[in-house]
Amino acid sequence: MVIYNLMVVDLLTRERADRIFHALADGTRRDIVVRTLQGEHSVSALARSYPMSFAAVQKHVVVLEQAGLVSKQRKGREQIVRGNVETIRRAAQLLDRLETVWRGRVDRMGEILADEP
C-alpha cells in the first residue's frame with residue numbers, strides 16, 4: 001500500500017515511511033544520521049560521542065539501519081556506519097508532496113473565503 005495516495009508510487013510504502021519517521025523522531029538518531037552522512041564512523045566512535053552506553057548507541061544504529069537511513073559494514077573488528085542519502089531524499093520528496101497538498105488546501109480556503117459576500 002502506498003502512503004496517502006499522493007502520487008508517491010515509487011517513493012515509500014506506508015510501512016517504510018513509518019519506520020523512517022519513527023527513527024528520525026529521536027534526537028540521538030537524527031544526530032547519528034547527520035554524522036554518518038558527513039562521513040563514515042564506527043559504532044564505537046559514535047558511542048564515544050554520546051552520554052550513553054555502547055549498547056544503547058548500537059540499538060539506535062539498528063533502528064536507523066532497519067529504516068534504511070544507515071548501512072553497516074564490517075571492517076575487521078569494527079562495524080562501519082554510513083548514512084543513506086537516497087532514503088533521506090525519498091523522505092524529503094514525500095514531505096514536499098505533503099506540503100504541496102497542504103498549500104493547495106490553504107489556497108483553496110483562501111479562495112472560498114474570498115468568495116464570501
# chains A, B, ... in the order shown; residues from 1 in each chain; ligands from 1
$ select_by_dssp --residues "chain A" --states "helix (DSSP H, G or I)" --output "ChimeraX atom specification"
/A:14-24,27-38,43-48,54-66,85-115
$ residues_around --residues "stretch 68-71 of chain A" --least-positions-apart "3" --cutoff "8 Å" --atoms "only C-alpha atoms" --output "CSV table (one decimal) with N, CA and C atoms, in the first residue's frame"
chain,number,residue,atom,x,y,z
A,20,ILE,N,10.9,5.2,8.9
A,20,ILE,CA,11.8,6.3,8.7
A,20,ILE,C,11.5,7.4,9.7
A,33,VAL,N,22.5,10.1,12.1
A,33,VAL,CA,22.3,10.2,10.6
A,33,VAL,C,23.1,11.4,10.1
A,36,THR,N,26.8,10.4,10.1
A,36,THR,CA,27.1,9.4,9.1
A,36,THR,C,26.9,9.8,7.6
A,61,VAL,N,21.5,2.6,16.2
A,61,VAL,CA,22.0,2.3,14.9
A,61,VAL,C,21.2,1.2,14.2
A,64,LEU,N,18.0,2.8,12.9
A,64,LEU,CA,18.3,3.5,11.7
A,64,LEU,C,18.6,2.6,10.5
A,65,GLU,N,19.2,1.5,10.8
A,65,GLU,CA,19.5,0.5,9.7
A,65,GLU,C,18.2,-0.1,9.2
A,81,VAL,N,29.5,2.6,9.9
A,81,VAL,CA,28.2,3.0,9.6
A,81,VAL,C,28.2,4.2,8.6
A,82,ARG,N,27.4,4.1,7.6
A,82,ARG,CA,27.3,5.1,6.6
A,82,ARG,C,25.9,5.6,6.5
A,83,GLY,N,25.7,6.9,6.3
A,83,GLY,CA,24.3,7.4,6.0
A,83,GLY,C,23.9,7.0,4.6
A,84,ASN,N,22.6,6.9,4.5
A,84,ASN,CA,22.0,6.6,3.2
A,84,ASN,C,21.2,7.8,2.7
A,85,VAL,N,21.8,8.6,1.8
A,85,VAL,CA,21.2,9.8,1.3
A,85,VAL,C,20.0,9.6,0.5
A,87,THR,N,17.6,7.4,1.0
A,87,THR,CA,16.4,7.3,1.9
A,87,THR,C,16.0,8.7,2.4
A,88,ILE,N,17.0,9.5,2.7
A,88,ILE,CA,16.7,10.9,3.1
A,88,ILE,C,16.0,11.7,1.9
$ select_by_dssp --residues "chain A" --states "strand (DSSP E)" --output "list in words"
His41, Ser42, Val70, Ser71, Lys72, Gln73, Arg74, Lys75, Glu78, Gln79, Ile80, Val81, Arg82 and Gly83 of chain A
$ residues_around --residues "A:Asp18" --least-positions-apart "3" --cutoff "12 Å" --atoms "only C-alpha atoms" --output "ChimeraX atom specification"
/A:2-3,12-15,21-25,63,66-68,91,94
$ write_last_selection --atoms "N, CA, C and O atoms" --output "mmCIF file, in the first residue's frame"
data_model
loop_
_atom_site.group_PDB
_atom_site.id
_atom_site.type_symbol
_atom_site.label_atom_id
_atom_site.label_comp_id
_atom_site.auth_asym_id
_atom_site.auth_seq_id
_atom_site.Cartn_x
_atom_site.Cartn_y
_atom_site.Cartn_z
ATOM 1 N N VAL A 2 0.556 2.194 -0.809
ATOM 2 C CA VAL A 2 1.341 3.423 -0.905
ATOM 3 C C VAL A 2 0.749 4.466 0.023
ATOM 4 O O VAL A 2 -0.464 4.591 0.156
ATOM 5 N N ILE A 3 1.617 5.211 0.657
ATOM 6 C CA ILE A 3 1.183 6.192 1.652
ATOM 7 C C ILE A 3 0.407 7.337 1.022
ATOM 8 O O ILE A 3 0.821 7.912 0.037
ATOM 9 N N LEU A 12 7.735 5.758 -1.140
ATOM 10 C CA LEU A 12 7.784 4.983 0.090
ATOM 11 C C LEU A 12 6.465 4.270 0.333
ATOM 12 O O LEU A 12 5.410 4.840 0.105
ATOM 13 N N THR A 13 6.540 3.050 0.841
ATOM 14 C CA THR A 13 5.324 2.397 1.317
ATOM 15 C C THR A 13 4.985 3.007 2.670
ATOM 16 O O THR A 13 5.831 3.636 3.315
ATOM 17 N N ARG A 14 3.777 2.807 3.085
ATOM 18 C CA ARG A 14 3.355 3.331 4.393
ATOM 19 C C ARG A 14 4.247 2.769 5.505
ATOM 20 O O ARG A 14 4.705 3.507 6.373
ATOM 21 N N GLU A 15 4.524 1.466 5.459
ATOM 22 C CA GLU A 15 5.357 0.841 6.490
ATOM 23 C C GLU A 15 6.768 1.432 6.493
ATOM 24 O O GLU A 15 7.324 1.728 7.543
ATOM 25 N N PHE A 21 10.230 7.790 9.725
ATOM 26 C CA PHE A 21 9.877 8.914 10.589
ATOM 27 C C PHE A 21 9.930 8.544 12.069
ATOM 28 O O PHE A 21 10.249 9.388 12.907
ATOM 29 N N HIS A 22 9.676 7.281 12.399
ATOM 30 C CA HIS A 22 9.871 6.835 13.785
ATOM 31 C C HIS A 22 11.350 6.949 14.152
ATOM 32 O O HIS A 22 11.696 7.454 15.228
ATOM 33 N N ALA A 23 12.216 6.491 13.261
ATOM 34 C CA ALA A 23 13.659 6.556 13.526
ATOM 35 C C ALA A 23 14.118 7.997 13.680
ATOM 36 O O ALA A 23 14.941 8.309 14.551
ATOM 37 N N LEU A 24 13.595 8.881 12.856
ATOM 38 C CA LEU A 24 14.008 10.285 12.898
ATOM 39 C C LEU A 24 13.363 11.069 14.035
ATOM 40 O O LEU A 24 13.743 12.214 14.289
ATOM 41 N N ALA A 25 12.420 10.450 14.732
ATOM 42 C CA ALA A 25 11.740 11.140 15.835
ATOM 43 C C ALA A 25 12.643 11.307 17.054
ATOM 44 O O ALA A 25 12.338 12.104 17.943
ATOM 45 N N VAL A 63 17.965 0.622 14.746
ATOM 46 C CA VAL A 63 16.706 1.258 14.333
ATOM 47 C C VAL A 63 16.909 2.032 13.030
ATOM 48 O O VAL A 63 16.092 1.943 12.100
ATOM 49 N N GLN A 66 17.320 -0.467 10.133
ATOM 50 C CA GLN A 66 16.041 -1.070 9.751
ATOM 51 C C GLN A 66 15.187 -0.103 8.938
ATOM 52 O O GLN A 66 14.401 -0.519 8.099
ATOM 53 N N ALA A 67 15.364 1.192 9.181
ATOM 54 C CA ALA A 67 14.622 2.210 8.427
ATOM 55 C C ALA A 67 15.305 2.534 7.098
ATOM 56 O O ALA A 67 14.755 3.278 6.289
ATOM 57 N N GLY A 68 16.501 2.008 6.891
ATOM 58 C CA GLY A 68 17.222 2.282 5.650
ATOM 59 C C GLY A 68 17.956 3.609 5.657
ATOM 60 O O GLY A 68 18.426 4.069 4.622
ATOM 61 N N ALA A 91 12.330 10.517 1.694
ATOM 62 C CA ALA A 91 11.536 11.098 2.787
ATOM 63 C C ALA A 91 11.272 12.577 2.507
ATOM 64 O O ALA A 91 10.155 13.067 2.718
ATOM 65 N N LEU A 94 8.587 12.916 -0.105
ATOM 66 C CA LEU A 94 7.272 12.682 0.472
ATOM 67 C C LEU A 94 6.796 13.916 1.236
ATOM 68 O O LEU A 94 5.658 14.356 1.084
#
$ atom_distance --atom1 "atom CA of A:Arg19" --atom2 "atom CA of A:Arg77"
28.5 Å
$ atom_distance --atom1 "atom CA of A:Glu86" --atom2 "atom CA of A:Ser49"
25.1 Å
$ residues_around --residues "A:Gln79" --least-positions-apart "6" --cutoff "12 Å" --atoms "only C-alpha atoms" --output "NGL selection string"
:A and (40-47 or 58 or 61-62 or 70-73)
$ write_last_selection --atoms "all heavy atoms" --output "JSON list (two decimals), in the first residue's frame"
[["chain", "number", "residue", "atom", "x", "y", "z"],
["A", 40, "GLU", "N", 31.76, 8.29, 7.19],
["A", 40, "GLU", "CA", 31.51, 7.02, 7.88],
["A", 40, "GLU", "C", 32.16, 7.03, 9.26],
["A", 40, "GLU", "O", 33.19, 7.68, 9.48],
["A", 40, "GLU", "CB", 31.99, 5.84, 7.04],
["A", 40, "GLU", "CG", 33.44, 5.85, 6.67],
["A", 40, "GLU", "CD", 33.80, 4.71, 5.75],
["A", 40, "GLU", "OE1", 33.03, 4.41, 4.82],
["A", 40, "GLU", "OE2", 34.87, 4.12, 5.96],
["A", 41, "HIS", "N", 31.53, 6.31, 10.18],
["A", 41, "HIS", "CA", 32.01, 6.22, 11.57],
["A", 41, "HIS", "C", 31.83, 4.79, 12.04],
["A", 41, "HIS", "O", 30.84, 4.13, 11.69],
["A", 41, "HIS", "CB", 31.20, 7.13, 12.50],
["A", 41, "HIS", "CG", 31.33, 8.58, 12.20],
["A", 41, "HIS", "ND1", 32.33, 9.35, 12.73],
["A", 41, "HIS", "CD2", 30.59, 9.41, 11.43],
["A", 41, "HIS", "CE1", 32.20, 10.60, 12.30],
["A", 41, "HIS", "NE2", 31.15, 10.65, 11.50],
["A", 42, "SER", "N", 32.71, 4.35, 12.89],
["A", 42, "SER", "CA", 32.50, 3.06, 13.53],
["A", 42, "SER", "C", 31.44, 3.24, 14.62],
["A", 42, "SER", "O", 31.25, 4.36, 15.13],
["A", 42, "SER", "CB", 33.80, 2.53, 14.14],
["A", 42, "SER", "OG", 34.18, 3.33, 15.23],
["A", 43, "VAL", "N", 30.78, 2.15, 14.97],
["A", 43, "VAL", "CA", 29.79, 2.22, 16.05],
["A", 43, "VAL", "C", 30.48, 2.65, 17.34],
["A", 43, "VAL", "O", 29.95, 3.44, 18.10],
["A", 43, "VAL", "CB", 29.05, 0.88, 16.22],
["A", 43, "VAL", "CG1", 28.10, 0.93, 17.40],
["A", 43, "VAL", "CG2", 28.28, 0.52, 14.95],
["A", 44, "SER", "N", 31.72, 2.16, 17.57],
["A", 44, "SER", "CA", 32.41, 2.57, 18.81],
["A", 44, "SER", "C", 32.74, 4.04, 18.82],
["A", 44, "SER", "O", 32.66, 4.69, 19.86],
["A", 44, "SER", "CB", 33.66, 1.75, 19.09],
["A", 44, "SER", "OG", 34.12, 1.04, 18.02],
["A", 45, "ALA", "N", 33.11, 4.61, 17.66],
["A", 45, "ALA", "CA", 33.39, 6.05, 17.60],
["A", 45, "ALA", "C", 32.10, 6.83, 17.86],
["A", 45, "ALA", "O", 32.12, 7.85, 18.57],
["A", 45, "ALA", "CB", 33.98, 6.42, 16.25],
["A", 46, "LEU", "N", 31.00, 6.37, 17.30],
["A", 46, "LEU", "CA", 29.72, 7.03, 17.57],
["A", 46, "LEU", "C", 29.39, 6.96, 19.05],
["A", 46, "LEU", "O", 28.96, 7.95, 19.64],
["A", 46, "LEU", "CB", 28.60, 6.38, 16.75],
["A", 46, "LEU", "CG", 28.61, 6.64, 15.25],
["A", 46, "LEU", "CD1", 27.62, 5.73, 14.54],
["A", 46, "LEU", "CD2", 28.30, 8.10, 14.95],
["A", 47, "ALA", "N", 29.61, 5.80, 19.66],
["A", 47, "ALA", "CA", 29.28, 5.62, 21.08],
["A", 47, "ALA", "C", 30.05, 6.58, 21.97],
["A", 47, "ALA", "O", 29.52, 7.05, 22.98],
["A", 47, "ALA", "CB", 29.54, 4.18, 21.50],
["A", 58, "GLN", "N", 24.33, 1.31, 19.87],
["A", 58, "GLN", "CA", 24.17, 0.22, 18.91],
["A", 58, "GLN", "C", 22.69, -0.03, 18.60],
["A", 58, "GLN", "O", 22.32, -0.26, 17.45],
["A", 58, "GLN", "CB", 24.82, -1.05, 19.48],
["A", 58, "GLN", "CG", 25.02, -2.13, 18.47],
["A", 58, "GLN", "CD", 25.91, -3.24, 19.02],
["A", 58, "GLN", "OE1", 25.98, -3.47, 20.24],
["A", 58, "GLN", "NE2", 26.59, -3.93, 18.14],
["A", 61, "VAL", "N", 21.54, 2.59, 16.22],
["A", 61, "VAL", "CA", 22.02, 2.29, 14.87],
["A", 61, "VAL", "C", 21.16, 1.20, 14.22],
["A", 61, "VAL", "O", 20.84, 1.29, 13.03],
["A", 61, "VAL", "CB", 23.52, 1.91, 14.89],
["A", 61, "VAL", "CG1", 23.97, 1.38, 13.54],
["A", 61, "VAL", "CG2", 24.36, 3.12, 15.30],
["A", 62, "VAL", "N", 20.74, 0.22, 14.99],
["A", 62, "VAL", "CA", 19.88, -0.85, 14.45],
["A", 62, "VAL", "C", 18.56, -0.27, 13.97],
["A", 62, "VAL", "O", 18.08, -0.62, 12.88],
["A", 62, "VAL", "CB", 19.66, -1.96, 15.51],
["A", 62, "VAL", "CG1", 18.53, -2.90, 15.09],
["A", 62, "VAL", "CG2", 20.94, -2.74, 15.74],
["A", 70, "VAL", "N", 20.73, 4.27, 7.47],
["A", 70, "VAL", "CA", 22.16, 4.00, 7.50],
["A", 70, "VAL", "C", 22.39, 2.55, 7.08],
["A", 70, "VAL", "O", 21.47, 1.73, 7.09],
["A", 70, "VAL", "CB", 22.79, 4.22, 8.91],
["A", 70, "VAL", "CG1", 22.61, 5.65, 9.39],
["A", 70, "VAL", "CG2", 22.27, 3.22, 9.92],
["A", 71, "SER", "N", 23.62, 2.26, 6.73],
["A", 71, "SER", "CA", 24.01, 0.87, 6.48],
["A", 71, "SER", "C", 25.28, 0.60, 7.28],
["A", 71, "SER", "O", 26.04, 1.52, 7.59],
["A", 71, "SER", "CB", 24.24, 0.62, 5.00],
["A", 71, "SER", "OG", 25.30, 1.42, 4.52],
["A", 72, "LYS", "N", 25.48, -0.66, 7.62],
["A", 72, "LYS", "CA", 26.68, -1.07, 8.37],
["A", 72, "LYS", "C", 27.48, -2.04, 7.52],
["A", 72, "LYS", "O", 26.92, -2.85, 6.79],
["A", 72, "LYS", "CB", 26.31, -1.77, 9.68],
["A", 72, "LYS", "CG", 25.81, -0.86, 10.75],
["A", 72, "LYS", "CD", 25.68, -1.56, 12.09],
["A", 72, "LYS", "CE", 24.83, -2.79, 12.03],
["A", 72, "LYS", "NZ", 24.46, -3.35, 13.32],
["A", 73, "GLN", "N", 28.79, -1.93, 7.67],
["A", 73, "GLN", "CA", 29.69, -2.87, 7.00],
["A", 73, "GLN", "C", 30.80, -3.21, 7.97],
["A", 73, "GLN", "O", 31.36, -2.32, 8.62],
["A", 73, "GLN", "CB", 30.27, -2.24, 5.74],
["A", 73, "GLN", "CG", 31.21, -3.15, 4.99],
["A", 73, "GLN", "CD", 31.78, -2.47, 3.76],
["A", 73, "GLN", "OE1", 31.66, -1.27, 3.58],
["A", 73, "GLN", "NE2", 32.41, -3.26, 2.92]]
$ atom_distance --atom1 "atom CA of A:Arg30" --atom2 "atom CA of A:Asp96"
19.1 Å
